[in-house]
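**Q** File name entry.pdb; file contents PDB, C-alpha atoms, pLDDT in the B column; full text below.
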```pdb
ATOM      1  CA  MET A   9     138.984 155.011  47.814  1.00 79.00           C
ATOM      2  CA  THR A  10     140.311 153.361  50.880  1.00 83.00           C
ATOM      3  CA  ARG A  11     138.017 151.554  53.258  1.00 83.00           C
ATOM      4  CA  ILE A  12     137.425 153.296  56.570  1.00 79.00           C
ATOM      5  CA  LYS A  13     136.292 151.128  59.422  1.00 78.00           C
ATOM      6  CA  GLY A  14     134.226 152.460  62.307  1.00 79.00           C
ATOM      7  CA  GLY A  15     136.489 151.132  64.980  1.00 86.00           C
ATOM      8  CA  PRO A  16     135.832 152.191  68.570  1.00 90.00           C
ATOM      9  CA  LYS A  17     132.874 154.473  67.764  1.00 90.00           C
ATOM     10  CA  THR A  18     130.949 151.737  65.998  1.00 90.00           C
ATOM     11  CA  ARG A  19     131.707 149.214  68.724  1.00 92.00           C
ATOM     12  CA  ARG A  20     130.603 151.705  71.385  1.00 94.00           C
ATOM     13  CA  ARG A  21     127.330 152.375  69.535  1.00 94.00           C
ATOM     14  CA  HIS A  22     126.727 148.648  69.042  1.00 94.00           C
ATOM     15  CA  ASN A  23     127.451 147.877  72.681  1.00 94.00           C
ATOM     16  CA  GLU A  24     125.051 150.603  73.778  1.00 95.00           C
ATOM     17  CA  VAL A  25     122.231 149.055  71.746  1.00 94.00           C
ATOM     18  CA  ILE A  26     123.113 145.552  72.956  1.00 95.00           C
ATOM     19  CA  GLY A  27     123.139 146.837  76.542  1.00 93.00           C
ATOM     20  CA  LEU A  28     119.688 148.405  76.144  1.00 94.00           C
ATOM     21  CA  MET A  29     118.343 145.067  74.938  1.00 93.00           C
ATOM     22  CA  LYS A  30     119.463 143.202  78.046  1.00 92.00           C
ATOM     23  CA  GLY A  31     116.716 140.819  79.130  1.00 90.00           C
ATOM     24  CA  GLN A  32     115.502 140.146  75.592  1.00 88.00           C
ATOM     25  CA  TRP A  33     115.266 136.639  74.243  1.00 93.00           C
ATOM     26  CA  GLY A  34     117.464 134.958  71.645  1.00 91.00           C
ATOM     27  CA  THR A  35     119.230 137.023  69.013  1.00 91.00           C
ATOM     28  CA  ARG A  36     117.490 140.190  70.174  1.00 91.00           C
ATOM     29  CA  HIS A  37     120.155 140.648  72.843  1.00 92.00           C
ATOM     30  CA  ARG A  38     123.104 139.122  70.993  1.00 93.00           C
ATOM     31  CA  LEU A  39     123.170 140.370  67.403  1.00 92.00           C
ATOM     32  CA  TYR A  40     123.359 144.089  66.677  1.00 94.00           C
ATOM     33  CA  ARG A  41     121.031 144.174  63.686  1.00 95.00           C
ATOM     34  CA  ARG A  42     118.269 142.176  65.385  1.00 95.00           C
ATOM     35  CA  ALA A  43     118.782 144.107  68.617  1.00 95.00           C
ATOM     36  CA  HIS A  44     118.525 147.443  66.816  1.00 96.00           C
ATOM     37  CA  GLU A  45     115.305 146.406  65.042  1.00 96.00           C
ATOM     38  CA  ALA A  46     113.802 145.246  68.317  1.00 95.00           C
ATOM     39  CA  LEU A  47     114.945 148.446  70.043  1.00 95.00           C
ATOM     40  CA  LEU A  48     113.222 150.633  67.449  1.00 96.00           C
ATOM     41  CA  HIS A  49     110.023 148.619  67.827  1.00 96.00           C
ATOM     42  CA  SER A  50     110.195 148.807  71.613  1.00 94.00           C
ATOM     43  CA  PHE A  51     110.602 152.590  71.481  1.00 95.00           C
ATOM     44  CA  GLN A  52     107.552 152.807  69.219  1.00 97.00           C
ATOM     45  CA  TYR A  53     105.492 150.606  71.561  1.00 97.00           C
ATOM     46  CA  ALA A  54     106.581 152.686  74.551  1.00 96.00           C
ATOM     47  CA  TYR A  55     105.532 155.887  72.764  1.00 97.00           C
ATOM     48  CA  GLU A  56     102.102 154.501  71.845  1.00 97.00           C
ATOM     49  CA  HIS A  57     101.452 152.989  75.247  1.00 97.00           C
ATOM     50  CA  ARG A  58     102.335 156.203  77.075  1.00 97.00           C
ATOM     51  CA  ARG A  59      99.349 157.695  75.278  1.00 97.00           C
ATOM     52  CA  GLU A  60      97.182 154.619  75.773  1.00 97.00           C
ATOM     53  CA  ARG A  61      97.818 154.769  79.517  1.00 97.00           C
ATOM     54  CA  LYS A  62      95.788 157.988  79.736  1.00 97.00           C
ATOM     55  CA  GLY A  63      92.676 156.185  78.471  1.00 96.00           C
ATOM     56  CA  ASP A  64      93.375 153.172  80.666  1.00 97.00           C
ATOM     57  CA  MET A  65      93.475 155.358  83.755  1.00 97.00           C
ATOM     58  CA  ARG A  66      90.267 157.136  82.770  1.00 97.00           C
ATOM     59  CA  ARG A  67      88.512 153.761  82.357  1.00 97.00           C
ATOM     60  CA  LEU A  68      89.762 152.712  85.797  1.00 97.00           C
ATOM     61  CA  TRP A  69      88.489 155.932  87.393  1.00 97.00           C
ATOM     62  CA  ILE A  70      85.091 155.511  85.751  1.00 97.00           C
ATOM     63  CA  ALA A  71      84.818 151.910  86.971  1.00 97.00           C
ATOM     64  CA  ARG A  72      85.672 152.994  90.531  1.00 96.00           C
ATOM     65  CA  ILE A  73      83.197 155.871  90.493  1.00 96.00           C
ATOM     66  CA  ASN A  74      80.493 153.610  89.055  1.00 96.00           C
ATOM     67  CA  ALA A  75      81.018 151.002  91.795  1.00 96.00           C
ATOM     68  CA  ALA A  76      80.903 153.633  94.542  1.00 95.00           C
ATOM     69  CA  VAL A  77      77.835 155.373  93.096  1.00 96.00           C
ATOM     70  CA  ARG A  78      75.933 152.095  92.648  1.00 95.00           C
ATOM     71  CA  ALA A  79      76.456 151.446  96.347  1.00 94.00           C
ATOM     72  CA  GLN A  80      74.559 154.726  96.890  1.00 91.00           C
ATOM     73  CA  GLY A  81      71.676 153.645  94.639  1.00 91.00           C
ATOM     74  CA  MET A  82      72.537 155.583  91.465  1.00 93.00           C
ATOM     75  CA  ASN A  83      74.362 154.757  88.301  1.00 92.00           C
ATOM     76  CA  TYR A  84      77.392 156.448  86.787  1.00 95.00           C
ATOM     77  CA  SER A  85      75.647 158.446  84.077  1.00 94.00           C
ATOM     78  CA  GLN A  86      73.028 159.827  86.484  1.00 94.00           C
ATOM     79  CA  PHE A  87      75.776 160.820  88.904  1.00 94.00           C
ATOM     80  CA  ILE A  88      77.848 162.596  86.249  1.00 94.00           C
ATOM     81  CA  TYR A  89      74.772 164.418  84.899  1.00 94.00           C
ATOM     82  CA  GLY A  90      73.723 165.474  88.416  1.00 94.00           C
ATOM     83  CA  ARG A  91      77.266 166.569  89.216  1.00 93.00           C
ATOM     84  CA  LYS A  92      77.338 168.706  86.087  1.00 93.00           C
ATOM     85  CA  LYS A  93      73.960 170.294  86.919  1.00 93.00           C
ATOM     86  CA  ALA A  94      75.141 170.972  90.486  1.00 92.00           C
ATOM     87  CA  ASP A  95      78.246 172.670  89.031  1.00 92.00           C
ATOM     88  CA  ILE A  96      80.648 170.389  90.924  1.00 89.00           C
ATOM     89  CA  GLN A  97      83.892 170.767  89.002  1.00 93.00           C
ATOM     90  CA  LEU A  98      85.847 167.754  90.175  1.00 92.00           C
ATOM     91  CA  ASP A  99      87.436 165.531  87.579  1.00 93.00           C
ATOM     92  CA  ARG A 100      87.145 161.748  87.470  1.00 94.00           C
ATOM     93  CA  LYS A 101      90.585 161.218  89.006  1.00 96.00           C
ATOM     94  CA  VAL A 102      89.663 163.204  92.117  1.00 95.00           C
ATOM     95  CA  LEU A 103      86.197 161.635  92.300  1.00 95.00           C
ATOM     96  CA  SER A 104      87.595 158.099  92.172  1.00 96.00           C
ATOM     97  CA  ASP A 105      90.159 158.956  94.847  1.00 96.00           C
ATOM     98  CA  MET A 106      87.369 160.346  97.031  1.00 95.00           C
ATOM     99  CA  ALA A 107      85.280 157.218  96.447  1.00 94.00           C
ATOM    100  CA  ILE A 108      88.111 155.085  97.806  1.00 95.00           C
ATOM    101  CA  HIS A 109      89.646 157.180 100.571  1.00 95.00           C
ATOM    102  CA  ASN A 110      86.936 159.610 101.660  1.00 94.00           C
ATOM    103  CA  GLN A 111      83.574 157.854 101.440  1.00 92.00           C
ATOM    104  CA  ASP A 112      81.709 160.354 103.646  1.00 94.00           C
ATOM    105  CA  SER A 113      82.402 163.332 101.400  1.00 94.00           C
ATOM    106  CA  PHE A 114      81.727 161.204  98.319  1.00 94.00           C
ATOM    107  CA  LYS A 115      78.351 160.246  99.787  1.00 95.00           C
ATOM    108  CA  THR A 116      77.609 163.959 100.243  1.00 94.00           C
ATOM    109  CA  LEU A 117      78.506 164.558  96.594  1.00 94.00           C
ATOM    110  CA  THR A 118      76.207 161.730  95.543  1.00 95.00           C
ATOM    111  CA  GLU A 119      73.349 163.217  97.543  1.00 94.00           C
ATOM    112  CA  THR A 120      73.971 166.627  95.970  1.00 94.00           C
ATOM    113  CA  ALA A 121      73.935 165.103  92.484  1.00 93.00           C
ATOM    114  CA  ARG A 122      70.771 163.151  93.288  1.00 93.00           C
ATOM    115  CA  ALA A 123      69.044 166.336  94.504  1.00 93.00           C
ATOM    116  CA  GLN A 124      69.829 168.039  91.196  1.00 90.00           C
ATOM    117  CA  LEU A 125      68.131 165.248  89.231  1.00 87.00           C
ATOM    118  CA  ARG A 126      64.759 165.906  90.892  1.00 81.00           C
TER
END
```
Any chance you could put this one into structure tokens?
**A**
Amino acid sequence: MTRIKGGPKTRRRHNEVIGLMKGQWGTRHRLYRRAHEALLHSFQYAYEHRRERKGDMRRLWIARINAAVRAQGMNYSQFIYGRKKADIQLDRKVLSDMAIHNQDSFKTLTETARAQLR
């Protein structure tokens, strides 16, 4: 059989991978094989970290709520339990945003949760 070279298609595909690896160090942005390996790894890391980010944000919201609630003389777990008993259906994202930007209403929520604990 005769040898068939890739020609323009292969070069285009290689250049696309090399272009995506712009900013990488060493052979990762120069050589196709190393660049392709690094590209596959970077896609995998991006996929995993998109899912990890959800947990990171939740941890941040909890830390913010905890800091705001401690300023009111409670702790996080008491606040969440009181909120659940008071049937306040706000998620942690909204609660942390309220703790930062709307302290008066957050204080009211804290008082409502505290009243439910008694």
**Q** Could you tell me, as a ChimeraX atom specification, exactly which residues end up selected when the PyMOL selection byres ((chain A and resi 77) around 10) is applied to this structure?
**A** /A:71-76,78-88,107,114-115,117-118
**Q** Here's the selection I'm unsure about, the PyMOL selection byres ((chain A and resi 50-66) around 12); applied to the file above, which residues does it give, as a PyMOL selection string?
**A** chain A and resi 28-29+32+36+43-49+67-73+99-104
**Q** What does the file look like for those residues with C-alpha atoms, as a PDB file, in the frame of the given file?
**A**
```
ATOM      1  CA  LEU A  28     119.688 148.405  76.144  1.00 94.00           C
ATOM      2  CA  MET A  29     118.343 145.067  74.938  1.00 93.00           C
ATOM      3  CA  GLN A  32     115.502 140.146  75.592  1.00 88.00           C
ATOM      4  CA  ARG A  36     117.490 140.190  70.174  1.00 91.00           C
ATOM      5  CA  ALA A  43     118.782 144.107  68.617  1.00 95.00           C
ATOM      6  CA  HIS A  44     118.525 147.443  66.816  1.00 96.00           C
ATOM      7  CA  GLU A  45     115.305 146.406  65.042  1.00 96.00           C
ATOM      8  CA  ALA A  46     113.802 145.246  68.317  1.00 95.00           C
ATOM      9  CA  LEU A  47     114.945 148.446  70.043  1.00 95.00           C
ATOM     10  CA  LEU A  48     113.222 150.633  67.449  1.00 96.00           C
ATOM     11  CA  HIS A  49     110.023 148.619  67.827  1.00 96.00           C
ATOM     12  CA  ARG A  67      88.512 153.761  82.357  1.00 97.00           C
ATOM     13  CA  LEU A  68      89.762 152.712  85.797  1.00 97.00           C
ATOM     14  CA  TRP A  69      88.489 155.932  87.393  1.00 97.00           C
ATOM     15  CA  ILE A  70      85.091 155.511  85.751  1.00 97.00           C
ATOM     16  CA  ALA A  71      84.818 151.910  86.971  1.00 97.00           C
ATOM     17  CA  ARG A  72      85.672 152.994  90.531  1.00 96.00           C
ATOM     18  CA  ILE A  73      83.197 155.871  90.493  1.00 96.00           C
ATOM     19  CA  ASP A  99      87.436 165.531  87.579  1.00 93.00           C
ATOM     20  CA  ARG A 100      87.145 161.748  87.470  1.00 94.00           C
ATOM     21  CA  LYS A 101      90.585 161.218  89.006  1.00 96.00           C
ATOM     22  CA  VAL A 102      89.663 163.204  92.117  1.00 95.00           C
ATOM     23  CA  LEU A 103      86.197 161.635  92.300  1.00 95.00           C
ATOM     24  CA  SER A 104      87.595 158.099  92.172  1.00 96.00           C
TER      25      SER A 104
END
```
**Q** In Å to one decimal, how far is CA of Ile12 (chain A) from CA of Glu24 (chain A)?
**A**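 Answer for the CA of Glu24 (chain A) to CA of Ile12 (chain A) separation: 21.4 Å.
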**Q** May I ask for the distance between CA of Ala94 (chain A) and CA of Arg126 (chain A), given in Å to one decimal place?
**A**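 A separation of 11.6 Å between them.
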**Q** Run the PyMOL selection byres ((chain A and resi 93) around 10) against the file shown and list the residues it catches, as a list in words.
**A** Phe87, Ile88, Tyr89, Gly90, Arg91, Lys92, Ala94, Asp95, Ile96, Thr120, Ala121, Ala123, Gln124 and Leu125 of chain A
**Q** Rounded to one decimal place, report the CA of His37 (chain A)-CA of His22 (chain A) distance in Å.
**A**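 Taking CA of His37 (chain A) as the start and CA of His22 (chain A) as the end point, the length is 11.0 Å.
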**Q** Can you report as lines of an AutoDock Vina configuration file the centre and edge lengths in Å, to one decimal, of an axis-aligned box around the listed atoms of region 41-49 of chain A padded with 4 Å on each side?
**A**
```
center_x = 115.5
center_y = 146.4
center_z = 66.9
size_x = 19.0
size_y = 16.5
size_z = 14.4
```
